[in-house]
$ cat coords-v8.cif   # mmCIF, C-alpha atoms
data_data
loop_
_atom_site.label_atom_id
_atom_site.label_comp_id
_atom_site.auth_asym_id
_atom_site.auth_seq_id
_atom_site.Cartn_x
_atom_site.Cartn_y
_atom_site.Cartn_z
CA MET R 1 22.45 43.67 65.80
CA ALA R 2 21.40 40.43 64.14
CA ASP R 3 24.03 38.33 62.38
CA PHE R 4 25.26 39.61 59.05
CA LEU R 5 23.29 38.09 56.19
CA PRO R 6 25.33 37.79 52.96
CA TYR R 7 23.77 38.18 49.53
CA GLY R 8 25.16 34.80 48.46
CA ARG R 9 26.72 31.75 50.09
CA GLN R 10 27.85 28.29 49.02
CA SER R 11 26.01 25.17 50.18
CA VAL R 12 28.52 22.41 50.97
CA SER R 13 27.31 19.09 52.35
CA ASP R 14 29.00 16.12 53.99
CA ASP R 15 28.63 14.28 50.67
CA ASP R 16 30.54 17.08 48.94
CA ILE R 17 33.34 16.83 51.50
CA ALA R 18 33.45 13.04 51.14
CA ALA R 19 33.72 13.33 47.35
CA VAL R 20 36.70 15.68 47.66
CA THR R 21 38.35 13.52 50.32
CA GLU R 22 38.05 10.45 48.10
CA VAL R 23 40.02 12.20 45.36
CA LEU R 24 42.67 13.42 47.83
CA ARG R 25 43.23 9.80 48.89
CA GLY R 26 43.57 8.62 45.30
CA ASP R 27 46.25 8.85 42.64
CA TRP R 28 44.85 11.71 40.54
CA LEU R 29 44.65 15.30 41.77
CA THR R 30 44.39 16.77 38.28
CA THR R 31 43.70 15.70 34.66
CA GLY R 32 42.25 12.45 35.96
CA PRO R 33 38.95 10.55 35.94
CA ALA R 34 37.04 13.03 38.10
CA VAL R 35 37.41 15.64 35.35
CA THR R 36 35.89 13.35 32.72
CA ARG R 37 33.13 12.36 35.12
CA PHE R 38 32.25 15.98 35.93
CA GLU R 39 32.12 16.91 32.25
CA SER R 40 29.82 13.94 31.62
CA ASP R 41 27.64 14.81 34.64
CA LEU R 42 27.36 18.41 33.47
CA ALA R 43 26.28 17.30 29.99
CA GLU R 44 23.25 15.63 31.58
CA HIS R 45 22.02 19.17 32.36
CA THR R 46 22.78 20.67 28.92
CA GLY R 47 20.68 18.38 26.76
CA GLY R 48 23.69 16.17 26.18
CA THR R 49 25.87 18.96 24.76
CA PRO R 50 29.50 18.13 25.66
CA ALA R 51 31.42 20.21 28.21
CA VAL R 52 35.04 21.22 28.77
CA ALA R 53 35.82 21.99 32.43
CA VAL R 54 38.07 25.00 33.10
CA THR R 55 39.37 26.95 36.08
CA SER R 56 36.78 29.75 36.28
CA GLY R 57 33.89 31.42 34.52
CA THR R 58 36.36 33.98 33.21
CA ALA R 59 38.57 31.20 31.85
CA ALA R 60 35.48 29.72 30.19
CA LEU R 61 34.83 32.99 28.36
CA HIS R 62 38.49 33.29 27.32
CA VAL R 63 38.51 29.71 26.06
CA ALA R 64 35.19 30.14 24.23
CA TYR R 65 36.31 33.30 22.44
CA ALA R 66 39.58 31.59 21.52
CA ALA R 67 37.64 28.60 20.16
CA ALA R 68 35.54 31.03 18.11
CA GLY R 69 38.75 32.44 16.63
CA ILE R 70 38.44 35.97 18.02
CA GLY R 71 41.44 38.09 17.11
CA PRO R 72 42.41 41.59 15.98
CA GLY R 73 39.82 43.07 13.64
CA ASP R 74 36.98 40.88 14.90
CA GLU R 75 33.99 42.33 16.74
CA VAL R 76 31.99 40.89 19.63
CA VAL R 77 28.53 42.33 20.26
CA THR R 78 27.53 41.93 23.89
CA SER R 79 25.57 43.34 26.81
CA PRO R 80 27.00 45.91 29.23
CA MET R 81 24.87 44.49 32.09
CA THR R 82 27.42 41.89 33.12
CA PHE R 83 30.60 41.37 35.06
CA VAL R 84 33.51 42.89 33.16
CA ALA R 85 34.94 39.46 32.21
CA THR R 86 32.35 38.98 29.44
CA ALA R 87 33.93 41.87 27.57
CA ALA R 88 37.49 41.79 28.90
CA THR R 89 38.26 38.28 27.68
CA ALA R 90 37.31 39.21 24.11
CA ALA R 91 39.41 42.38 24.31
CA LEU R 92 42.41 40.40 25.60
CA LEU R 93 42.34 38.37 22.38
CA GLY R 94 42.42 41.56 20.34
CA GLY R 95 38.70 41.70 19.58
CA LYS R 96 36.70 44.92 19.53
CA VAL R 97 33.83 44.87 21.99
CA VAL R 98 30.61 46.48 20.75
CA PHE R 99 28.09 47.08 23.51
CA ALA R 100 24.40 46.87 22.64
CA ASP R 101 21.63 47.95 24.96
CA VAL R 102 19.46 45.70 27.12
CA GLU R 103 15.76 45.04 27.53
CA ALA R 104 14.26 47.45 30.03
CA ASP R 105 12.56 44.71 32.05
CA THR R 106 15.00 41.76 32.16
CA GLY R 107 18.37 43.48 31.78
CA ASN R 108 19.22 40.97 29.02
CA LEU R 109 20.67 41.82 25.62
CA ASP R 110 17.95 43.39 23.44
CA PRO R 111 17.76 41.57 20.09
CA ALA R 112 16.86 44.78 18.26
CA ALA R 113 19.89 46.56 19.71
CA ALA R 114 22.13 43.59 18.93
CA SER R 115 20.86 43.49 15.35
CA ALA R 116 21.64 47.20 14.92
CA ALA R 117 25.14 46.69 16.34
CA VAL R 118 26.34 43.85 14.09
CA THR R 119 28.64 44.61 11.16
CA PRO R 120 30.49 42.46 8.60
CA ARG R 121 33.27 42.22 11.22
CA THR R 122 31.03 40.70 13.90
CA LYS R 123 32.27 37.22 14.77
CA VAL R 124 30.36 36.56 18.01
CA VAL R 125 27.11 37.80 19.54
CA ALA R 126 27.49 37.20 23.29
CA ALA R 127 24.27 37.17 25.31
CA VAL R 128 24.23 37.17 29.12
CA ASP R 129 21.54 35.40 31.15
CA TYR R 130 21.28 38.20 33.69
CA ALA R 131 20.31 37.07 37.22
CA GLY R 132 19.58 33.58 35.86
CA HIS R 133 16.85 34.58 33.38
CA PRO R 134 17.71 33.24 29.90
CA ALA R 135 18.13 35.80 27.15
CA GLU R 136 16.06 35.82 23.94
CA LEU R 137 18.28 33.07 22.56
CA ASP R 138 16.23 32.07 19.53
CA GLU R 139 16.11 35.58 18.10
CA LEU R 140 19.72 36.33 19.04
CA GLY R 141 20.79 33.07 17.40
CA ARG R 142 18.98 34.03 14.21
CA ILE R 143 20.70 37.42 14.20
CA ALA R 144 24.09 35.78 14.67
CA ARG R 145 23.51 33.19 11.92
CA ASP R 146 22.16 35.74 9.46
CA ASN R 147 25.37 37.71 9.89
CA GLY R 148 27.78 34.78 9.72
CA ALA R 149 28.55 34.98 13.45
CA LEU R 150 28.40 32.56 16.38
CA LEU R 151 26.06 32.92 19.36
CA LEU R 152 27.77 32.69 22.74
CA GLU R 153 25.58 32.36 25.84
CA ASP R 154 27.26 33.63 29.01
CA ALA R 155 25.29 31.39 31.35
CA ALA R 156 27.33 32.11 34.48
CA HIS R 157 24.03 32.72 36.29
CA SER R 158 21.78 30.13 34.67
CA VAL R 159 23.06 26.54 34.75
CA GLY R 160 20.00 24.33 35.18
CA GLY R 161 17.62 26.79 33.54
CA SER R 162 15.79 26.49 30.23
CA TRP R 163 14.34 28.62 27.44
CA GLN R 164 11.24 27.56 25.52
CA GLY R 165 11.56 24.06 26.98
CA ARG R 166 15.21 23.55 26.00
CA PRO R 167 17.99 23.45 28.59
CA VAL R 168 20.61 26.16 28.87
CA GLY R 169 23.69 24.77 27.15
CA SER R 170 21.78 23.41 24.17
CA LEU R 171 20.72 26.73 22.65
CA ALA R 172 23.90 28.55 21.60
CA ASP R 173 26.98 27.66 19.57
CA LEU R 174 29.05 28.16 22.72
CA THR R 175 27.84 28.35 26.31
CA THR R 176 29.95 29.30 29.33
CA PHE R 177 29.30 28.51 32.98
CA SER R 178 30.74 29.74 36.26
CA PHE R 179 30.97 27.68 39.44
CA PHE R 180 32.07 30.43 41.86
CA PRO R 181 30.82 29.88 45.45
CA THR R 182 27.82 32.22 45.10
CA LYS R 183 26.64 30.65 41.83
CA ASN R 184 23.97 27.94 41.42
CA LEU R 185 26.52 25.21 42.11
CA THR R 186 30.18 25.48 43.05
CA THR R 187 33.56 23.89 42.44
CA ALA R 188 35.12 26.63 44.68
CA GLU R 189 36.53 28.24 41.54
CA GLY R 190 35.69 26.78 38.17
CA GLY R 191 33.77 27.01 34.96
CA ALA R 192 32.98 25.16 31.77
CA VAL R 193 32.60 25.67 28.04
CA VAL R 194 29.80 23.76 26.30
CA ALA R 195 29.61 23.33 22.54
CA GLY R 196 27.75 21.07 20.15
CA SER R 197 30.34 21.45 17.39
CA ASP R 198 33.19 18.94 17.45
CA GLU R 199 35.48 21.58 15.97
CA LEU R 200 34.67 24.22 18.60
CA LEU R 201 34.95 21.63 21.35
CA ALA R 202 38.38 20.49 20.13
CA ARG R 203 39.61 24.08 19.98
CA ALA R 204 38.37 24.66 23.52
CA ARG R 205 40.12 21.54 24.81
CA ASP R 206 43.34 22.54 23.08
CA PHE R 207 43.32 26.09 24.41
CA ARG R 208 42.72 25.01 28.05
CA ASN R 209 45.86 22.82 27.87
CA HIS R 210 48.51 25.12 26.36
CA GLY R 211 47.58 24.04 22.82
CA LEU R 212 49.63 20.87 23.30
CA VAL R 213 49.46 18.28 20.50
CA ARG R 214 50.20 14.74 21.66
CA ASP R 215 48.64 12.81 18.76
CA LYS R 216 51.55 11.56 16.62
CA ALA R 217 49.38 11.66 13.51
CA ALA R 218 48.86 15.40 13.98
CA GLN R 219 52.41 16.32 14.99
CA ARG R 220 54.88 18.05 12.69
CA TYR R 221 57.82 16.12 14.14
CA PRO R 222 56.34 12.78 15.28
CA ASP R 223 59.69 10.93 15.27
CA GLU R 224 61.21 13.05 18.02
CA GLY R 225 60.42 10.44 20.66
CA ALA R 226 57.68 8.92 22.75
CA TRP R 227 57.87 11.88 25.14
CA HIS R 228 57.31 14.46 22.41
CA GLN R 229 54.50 17.00 22.41
CA GLU R 230 54.12 20.13 20.30
CA VAL R 231 52.32 23.48 20.43
CA HIS R 232 50.75 24.48 17.10
CA GLY R 233 48.70 27.35 18.52
CA PHE R 234 49.07 29.20 21.80
CA GLY R 235 46.90 28.22 24.74
CA LEU R 236 46.96 28.45 28.52
CA ASN R 237 46.70 26.16 31.54
CA TYR R 238 43.01 26.39 32.36
CA ARG R 239 42.67 22.77 33.58
CA LEU R 240 40.21 22.28 36.46
CA PRO R 241 41.68 19.80 39.00
CA ASP R 242 40.05 16.48 39.91
CA VAL R 243 39.56 17.68 43.49
CA LEU R 244 37.30 20.51 42.33
CA CYS R 245 35.58 18.42 39.65
CA ALA R 246 34.63 15.88 42.33
CA LEU R 247 33.00 18.70 44.28
CA GLY R 248 31.18 19.77 41.11
CA SER R 249 29.79 16.30 40.40
CA SER R 250 28.54 16.07 43.97
CA GLN R 251 26.93 19.51 43.74
CA LEU R 252 25.21 18.64 40.46
CA ARG R 253 23.26 15.95 42.27
CA ARG R 254 21.58 18.75 44.26
CA LEU R 255 21.13 21.25 41.43
CA ALA R 256 17.39 20.60 41.19
CA GLU R 257 17.08 21.10 44.96
CA PHE R 258 19.09 24.34 44.75
CA LYS R 259 16.92 25.59 41.89
CA LYS R 260 13.69 24.81 43.77
CA ARG R 261 14.78 26.62 46.92
CA ARG R 262 16.01 29.66 45.00
CA ALA R 263 12.62 29.83 43.24
CA GLU R 264 10.80 29.64 46.58
CA ILE R 265 12.79 32.54 48.02
CA HIS R 266 12.35 34.53 44.82
CA ALA R 267 8.58 34.01 44.94
CA ARG R 268 8.49 34.96 48.63
CA TYR R 269 10.24 38.24 47.93
CA THR R 270 8.00 39.04 44.97
CA ALA R 271 4.79 38.25 46.84
CA ALA R 272 5.78 40.49 49.75
CA LEU R 273 7.32 43.38 47.83
CA SER R 274 5.35 43.74 44.59
CA SER R 275 2.70 45.93 46.23
CA LEU R 276 5.24 48.51 47.43
CA ASP R 277 5.33 51.84 45.63
CA GLY R 278 8.75 52.89 44.43
CA ILE R 279 10.11 49.48 43.40
CA LEU R 280 9.92 46.98 40.56
CA THR R 281 10.22 43.24 41.11
CA PRO R 282 11.97 41.03 38.51
CA ALA R 283 10.24 40.30 35.22
CA VAL R 284 9.83 36.80 33.76
CA ARG R 285 9.36 36.37 30.00
CA ASP R 286 7.05 33.72 28.56
CA GLY R 287 8.98 30.51 27.95
CA ALA R 288 11.70 31.28 30.49
CA ASP R 289 12.47 28.81 33.27
CA PRO R 290 15.10 30.72 35.24
CA VAL R 291 17.49 29.49 37.88
CA TRP R 292 17.54 32.59 40.03
CA HIS R 293 21.13 33.42 40.86
CA LEU R 294 20.16 36.96 41.87
CA TYR R 295 17.04 38.72 43.06
CA PRO R 296 17.44 42.06 41.24
CA LEU R 297 15.06 44.49 42.93
CA ARG R 298 14.66 47.83 41.12
CA VAL R 299 14.44 50.94 43.31
CA LEU R 300 12.88 53.97 41.65
CA GLU R 301 13.12 57.74 42.16
CA GLY R 302 16.85 57.72 42.88
CA ARG R 303 16.52 55.89 46.21
CA ARG R 304 18.65 52.83 45.44
CA ARG R 305 21.73 54.03 47.33
CA ALA R 306 19.69 55.04 50.37
CA LEU R 307 18.07 51.60 50.52
CA PHE R 308 21.47 49.94 50.01
CA ASP R 309 22.96 51.88 52.92
CA HIS R 310 19.90 51.21 55.09
CA LEU R 311 20.02 47.45 54.54
CA ARG R 312 23.80 47.25 55.01
CA ALA R 313 23.43 49.16 58.29
CA LYS R 314 20.92 46.51 59.38
CA GLY R 315 23.40 43.69 58.66
CA ILE R 316 21.88 42.65 55.33
CA GLY R 317 24.58 42.15 52.71
CA VAL R 318 22.89 43.46 49.61
CA GLN R 319 24.94 43.96 46.46
CA VAL R 320 24.66 45.82 43.15
CA ASN R 321 25.10 43.80 39.93
CA TYR R 322 26.60 45.44 37.84
CA ILE R 323 27.95 48.79 36.73
CA PRO R 324 27.73 48.91 32.93
CA ALA R 325 30.91 47.22 31.72
CA TYR R 326 32.02 50.18 29.60
CA TRP R 327 31.99 52.42 32.70
CA HIS R 328 35.15 50.70 33.92
CA PRO R 329 38.13 53.03 33.36
CA VAL R 330 39.87 50.40 31.22
CA PHE R 331 37.09 50.79 28.63
CA GLU R 332 36.77 54.52 29.22
CA ASP R 333 40.47 54.81 28.34
CA LEU R 334 39.72 53.00 25.05
CA GLY R 335 37.18 55.66 24.11
CA TYR R 336 33.92 54.15 25.35
CA GLN R 337 31.59 56.80 26.74
CA ARG R 338 28.75 56.88 29.22
CA GLY R 339 25.33 57.26 27.66
CA MET R 340 25.89 54.54 25.01
CA CYS R 341 23.25 52.17 26.41
CA PRO R 342 20.55 54.15 28.26
CA ASN R 343 18.44 51.14 29.29
CA ALA R 344 21.47 49.46 30.87
CA GLU R 345 22.47 52.65 32.67
CA LEU R 346 18.96 53.17 34.02
CA TYR R 347 18.75 49.52 35.10
CA TYR R 348 22.08 49.82 36.91
CA SER R 349 21.00 53.03 38.68
CA GLN R 350 17.99 51.19 40.12
CA GLU R 351 19.28 47.64 40.77
CA ILE R 352 19.97 46.11 44.18
CA SER R 353 20.48 42.37 44.75
CA LEU R 354 18.73 40.95 47.81
CA PRO R 355 20.20 37.91 49.62
CA LEU R 356 19.46 34.71 47.73
CA PHE R 357 21.00 31.27 48.35
CA PRO R 358 19.61 27.80 49.16
CA ALA R 359 20.35 27.91 52.90
CA LEU R 360 18.50 31.21 53.32
CA THR R 361 15.59 30.47 55.65
CA ASP R 362 12.08 31.85 55.40
CA ALA R 363 12.85 33.83 58.57
CA ASP R 364 15.95 35.29 56.90
CA ALA R 365 13.92 36.29 53.84
CA ASP R 366 11.24 37.82 56.05
CA ARG R 367 13.92 39.84 57.85
CA VAL R 368 14.97 41.29 54.49
CA ILE R 369 11.35 41.92 53.52
CA ASP R 370 10.60 43.67 56.82
CA GLU R 371 13.60 45.96 56.46
CA VAL R 372 12.65 46.90 52.89
CA HIS R 373 9.10 47.66 54.03
CA GLY R 374 10.51 49.63 56.96
CA PHE R 375 12.61 51.77 54.65
CA PHE R 376 9.63 52.71 52.51
CA GLY R 377 7.58 53.35 55.63
#

$ encode --input "coords-v8.cif" --output "structure tokens"
Amino acid sequence: MADFLPYGRQSVSDDDIAAVTEVLRGDWLTTGPAVTRFESDLAEHTGGTPAVAVTSGTAALHVAYAAAGIGPGDEVVTSPMTFVATAATAALLGGKVVFADVEADTGNLDPAAASAAVTPRTKVVAAVDYAGHPAELDELGRIARDNGALLLEDAAHSVGGSWQGRPVGSLADLTTFSFFPTKNLTTAEGGAVVAGSDELLARARDFRNHGLVRDKAAQRYPDEGAWHQEVHGFGLNYRLPDVLCALGSSQLRRLAEFKKRRAEIHARYTAALSSLDGILTPAVRDGADPVWHLYPLRVLEGRRRALFDHLRAKGIGVQVNYIPAYWHPVFEDLGYQRGMCPNAELYYSQEISLPLFPALTDADADRVIDEVHGFFG
């Protein structure tokens, strides 16, 4: 059998390794200059919107919801077509998660469904850029504003993308990124929160560092001593170390290259598979400039599992992204029921993610294509 082909893989260069080694030989392993530099480098890709680096994409969501003030009694309207963290982090703060259905073609939050789901208790509308395709951020932003809520863009899949000519990170009140190894760039583990509001940004920075107050002018007991620091509101240690930030800055220098190669592979799949009966290739909305984190092929007539098993048996590491978030037993135990979001459930029943990462060769992609064609005969 040919070598196993994963659905995603990091791309680490000698320059990346050198950047990490330089930090290891220096004085700062964490909370040092590489963190500030990475946040500044990331802002160059968000239209200048400032960033707060954190330890993971999940941490970014937790920090963003905390910055938004989510607590008991507040509601968060979001998509079920996402990794569970988008919903779980709001629930952990005491918020009620309200799932709204997705667009049938993109798998992104449907503005009409989101509008129907908002109530006077809605504090955040959280869109997800599924597979790297930006959501309908203008319309979702209008819905959020009209209802006194904030728009959060879960851009774990879409750093480097744009919507209607504006970069991801500049479109929502809060944007969260993930830098897991399979994402569009990596810091091994890591994430970031991006916000244009000074107030939201300050809250995010406070929450990622235990809520510590070191500014004497802001302290309640400033005369305690030069060593003194206070906690005025609870936070957590979500600081991303300098070692990983150095890797992130190095990776950002190749983000355009990564994006280009992912687009080439995506186009190769679509050109070769779009004529097949029994499948749907990914949709692209007008004005979207995706960074394709996933290639979500849709398999019709109940044959998704058979194709999944066929490709895995051939050494091709396809994946399924994702089960509707409210199908997880933790939400089921809270009273959420299957059938709530029919478009999302249909999308999930059909979706299979083909291998997609910058080092994937044309020959690798053709191997995947040939096996899909072989399955359909």

$ residues_near_point --input "coords-v8.cif" --point "(16.7, 36.0, 55.8)" --cutoff "10 Å" --atoms "all atoms listed in the file" --output "PDB file with C-alpha atoms, in the coordinates of the input"
ATOM      1  CA  PHE R   4      25.260  39.610  59.050  1.00  0.00           C
ATOM      2  CA  LEU R   5      23.290  38.090  56.190  1.00  0.00           C
ATOM      3  CA  PRO R   6      25.330  37.790  52.960  1.00  0.00           C
ATOM      4  CA  TYR R   7      23.770  38.180  49.530  1.00  0.00           C
ATOM      5  CA  ILE R 265      12.790  32.540  48.020  1.00  0.00           C
ATOM      6  CA  ILE R 316      21.880  42.650  55.330  1.00  0.00           C
ATOM      7  CA  LEU R 354      18.730  40.950  47.810  1.00  0.00           C
ATOM      8  CA  PRO R 355      20.200  37.910  49.620  1.00  0.00           C
ATOM      9  CA  LEU R 356      19.460  34.710  47.730  1.00  0.00           C
ATOM     10  CA  PHE R 357      21.000  31.270  48.350  1.00  0.00           C
ATOM     11  CA  ALA R 359      20.350  27.910  52.900  1.00  0.00           C
ATOM     12  CA  LEU R 360      18.500  31.210  53.320  1.00  0.00           C
ATOM     13  CA  THR R 361      15.590  30.470  55.650  1.00  0.00           C
ATOM     14  CA  ASP R 362      12.080  31.850  55.400  1.00  0.00           C
ATOM     15  CA  ALA R 363      12.850  33.830  58.570  1.00  0.00           C
ATOM     16  CA  ASP R 364      15.950  35.290  56.900  1.00  0.00           C
ATOM     17  CA  ALA R 365      13.920  36.290  53.840  1.00  0.00           C
ATOM     18  CA  ASP R 366      11.240  37.820  56.050  1.00  0.00           C
ATOM     19  CA  ARG R 367      13.920  39.840  57.850  1.00  0.00           C
ATOM     20  CA  VAL R 368      14.970  41.290  54.490  1.00  0.00           C
ATOM     21  CA  ILE R 369      11.350  41.920  53.520  1.00  0.00           C
ATOM     22  CA  ASP R 370      10.600  43.670  56.820  1.00  0.00           C
TER      23      ASP R 370
END

$ resolve_selection --input "coords-v8.cif" --expression "the PyMOL selection byres ((chain R and resi 329-341) around 10)" --output "list in words"
Ser79, Pro80, Met81, Val84, Ala87, Ala88, Ala91, Val97, Val98, Phe99, Ala100, Asp101, Val102, Ala113, Pro324, Ala325, Tyr326, Trp327, His328, Pro342, Asn343, Ala344, Glu345 and Leu346 of chain R

$ write_last_selection --input "coords-v8.cif" --atoms "C-alpha atoms" --output "JSON list (two decimals), keeping the file's coordinate frame"
[["chain", "number", "residue", "atom", "x", "y", "z"],
["R", 79, "SER", "CA", 25.57, 43.34, 26.81],
["R", 80, "PRO", "CA", 27.00, 45.91, 29.23],
["R", 81, "MET", "CA", 24.87, 44.49, 32.09],
["R", 84, "VAL", "CA", 33.51, 42.89, 33.16],
["R", 87, "ALA", "CA", 33.93, 41.87, 27.57],
["R", 88, "ALA", "CA", 37.49, 41.79, 28.90],
["R", 91, "ALA", "CA", 39.41, 42.38, 24.31],
["R", 97, "VAL", "CA", 33.83, 44.87, 21.99],
["R", 98, "VAL", "CA", 30.61, 46.48, 20.75],
["R", 99, "PHE", "CA", 28.09, 47.08, 23.51],
["R", 100, "ALA", "CA", 24.40, 46.87, 22.64],
["R", 101, "ASP", "CA", 21.63, 47.95, 24.96],
["R", 102, "VAL", "CA", 19.46, 45.70, 27.12],
["R", 113, "ALA", "CA", 19.89, 46.56, 19.71],
["R", 324, "PRO", "CA", 27.73, 48.91, 32.93],
["R", 325, "ALA", "CA", 30.91, 47.22, 31.72],
["R", 326, "TYR", "CA", 32.02, 50.18, 29.60],
["R", 327, "TRP", "CA", 31.99, 52.42, 32.70],
["R", 328, "HIS", "CA", 35.15, 50.70, 33.92],
["R", 342, "PRO", "CA", 20.55, 54.15, 28.26],
["R", 343, "ASN", "CA", 18.44, 51.14, 29.29],
["R", 344, "ALA", "CA", 21.47, 49.46, 30.87],
["R", 345, "GLU", "CA", 22.47, 52.65, 32.67],
["R", 346, "LEU", "CA", 18.96, 53.17, 34.02]]

$ residues_around --input "coords-v8.cif" --residues "segment 59-67 of chain R" --least-positions-apart "6" --cutoff "6 Å" --atoms "all atoms listed in the file" --output "list of chain:residue names"
R:Thr89, R:Thr176, R:Gly191, R:Ala192, R:Val193, R:Leu200, R:Arg203, R:Ala204

$ axis_aligned_box --input "coords-v8.cif" --around "segment 162-175 of chain R" --padding-each-side "4 Å" --output "lines of an AutoDock Vina configuration file"
center_x = 20.1
center_y = 26.0
center_z = 24.9
size_x = 25.8
size_y = 13.2
size_z = 18.7

$ resolve_selection --input "coords-v8.cif" --expression "the PyMOL selection byres ((chain R and resi 136) around 8)" --output "PyMOL selection string"
chain R and resi 108-111+134-135+137-140

$ closest_residue --input "coords-v8.cif" --among "R:Gly169, R:Pro282, R:Pro296, R:Pro120" --to "Asn321 of chain R" --atoms "only C-alpha atoms"
R:Pro296

$ resolve_selection --input "coords-v8.cif" --expression "the PyMOL selection byres ((chain R and resi 73-75) around 10)" --output "JSON, numbers by chain"
{"R": [69, 70, 71, 72, 76, 77, 78, 90, 91, 93, 94, 95, 96, 97, 98, 117, 118, 119, 120, 121, 122, 123, 124, 125, 149]}

$ closest_atom_pairs --input "coords-v8.cif" --of "segment 3-51 of chain R" --to "segment 230-240 of chain R" --cutoff "8 Å" --atoms "only C-alpha atoms" --output "JSON lines"
{"residue": "R:Thr30", "atom": "CA", "partner": "R:Leu240", "partner_atom": "CA", "distance": 7.2}
{"residue": "R:Thr31", "atom": "CA", "partner": "R:Arg239", "partner_atom": "CA", "distance": 7.2}
{"residue": "R:Val35", "atom": "CA", "partner": "R:Leu240", "partner_atom": "CA", "distance": 7.3}

$ closest_residue --input "coords-v8.cif" --among "R:Arg145, R:Phe179, R:Ser115, R:Ala195" --to "Thr46 of chain R" --atoms "only C-alpha atoms"
R:Ala195

$ closest_residue --input "coords-v8.cif" --among "R:Phe38, R:Phe375, R:Tyr221, R:Trp292" --to "Tyr130 of chain R" --atoms "only C-alpha atoms"
R:Trp292

$ atom_distance --input "coords-v8.cif" --atom1 "atom CA of Leu201 of chain R" --atom2 "atom CA of Gly47 of chain R"
15.6 Å

$ atom_distance --input "coords-v8.cif" --atom1 "atom CA of His373 of chain R" --atom2 "atom CA of Glu351 of chain R"
16.7 Å
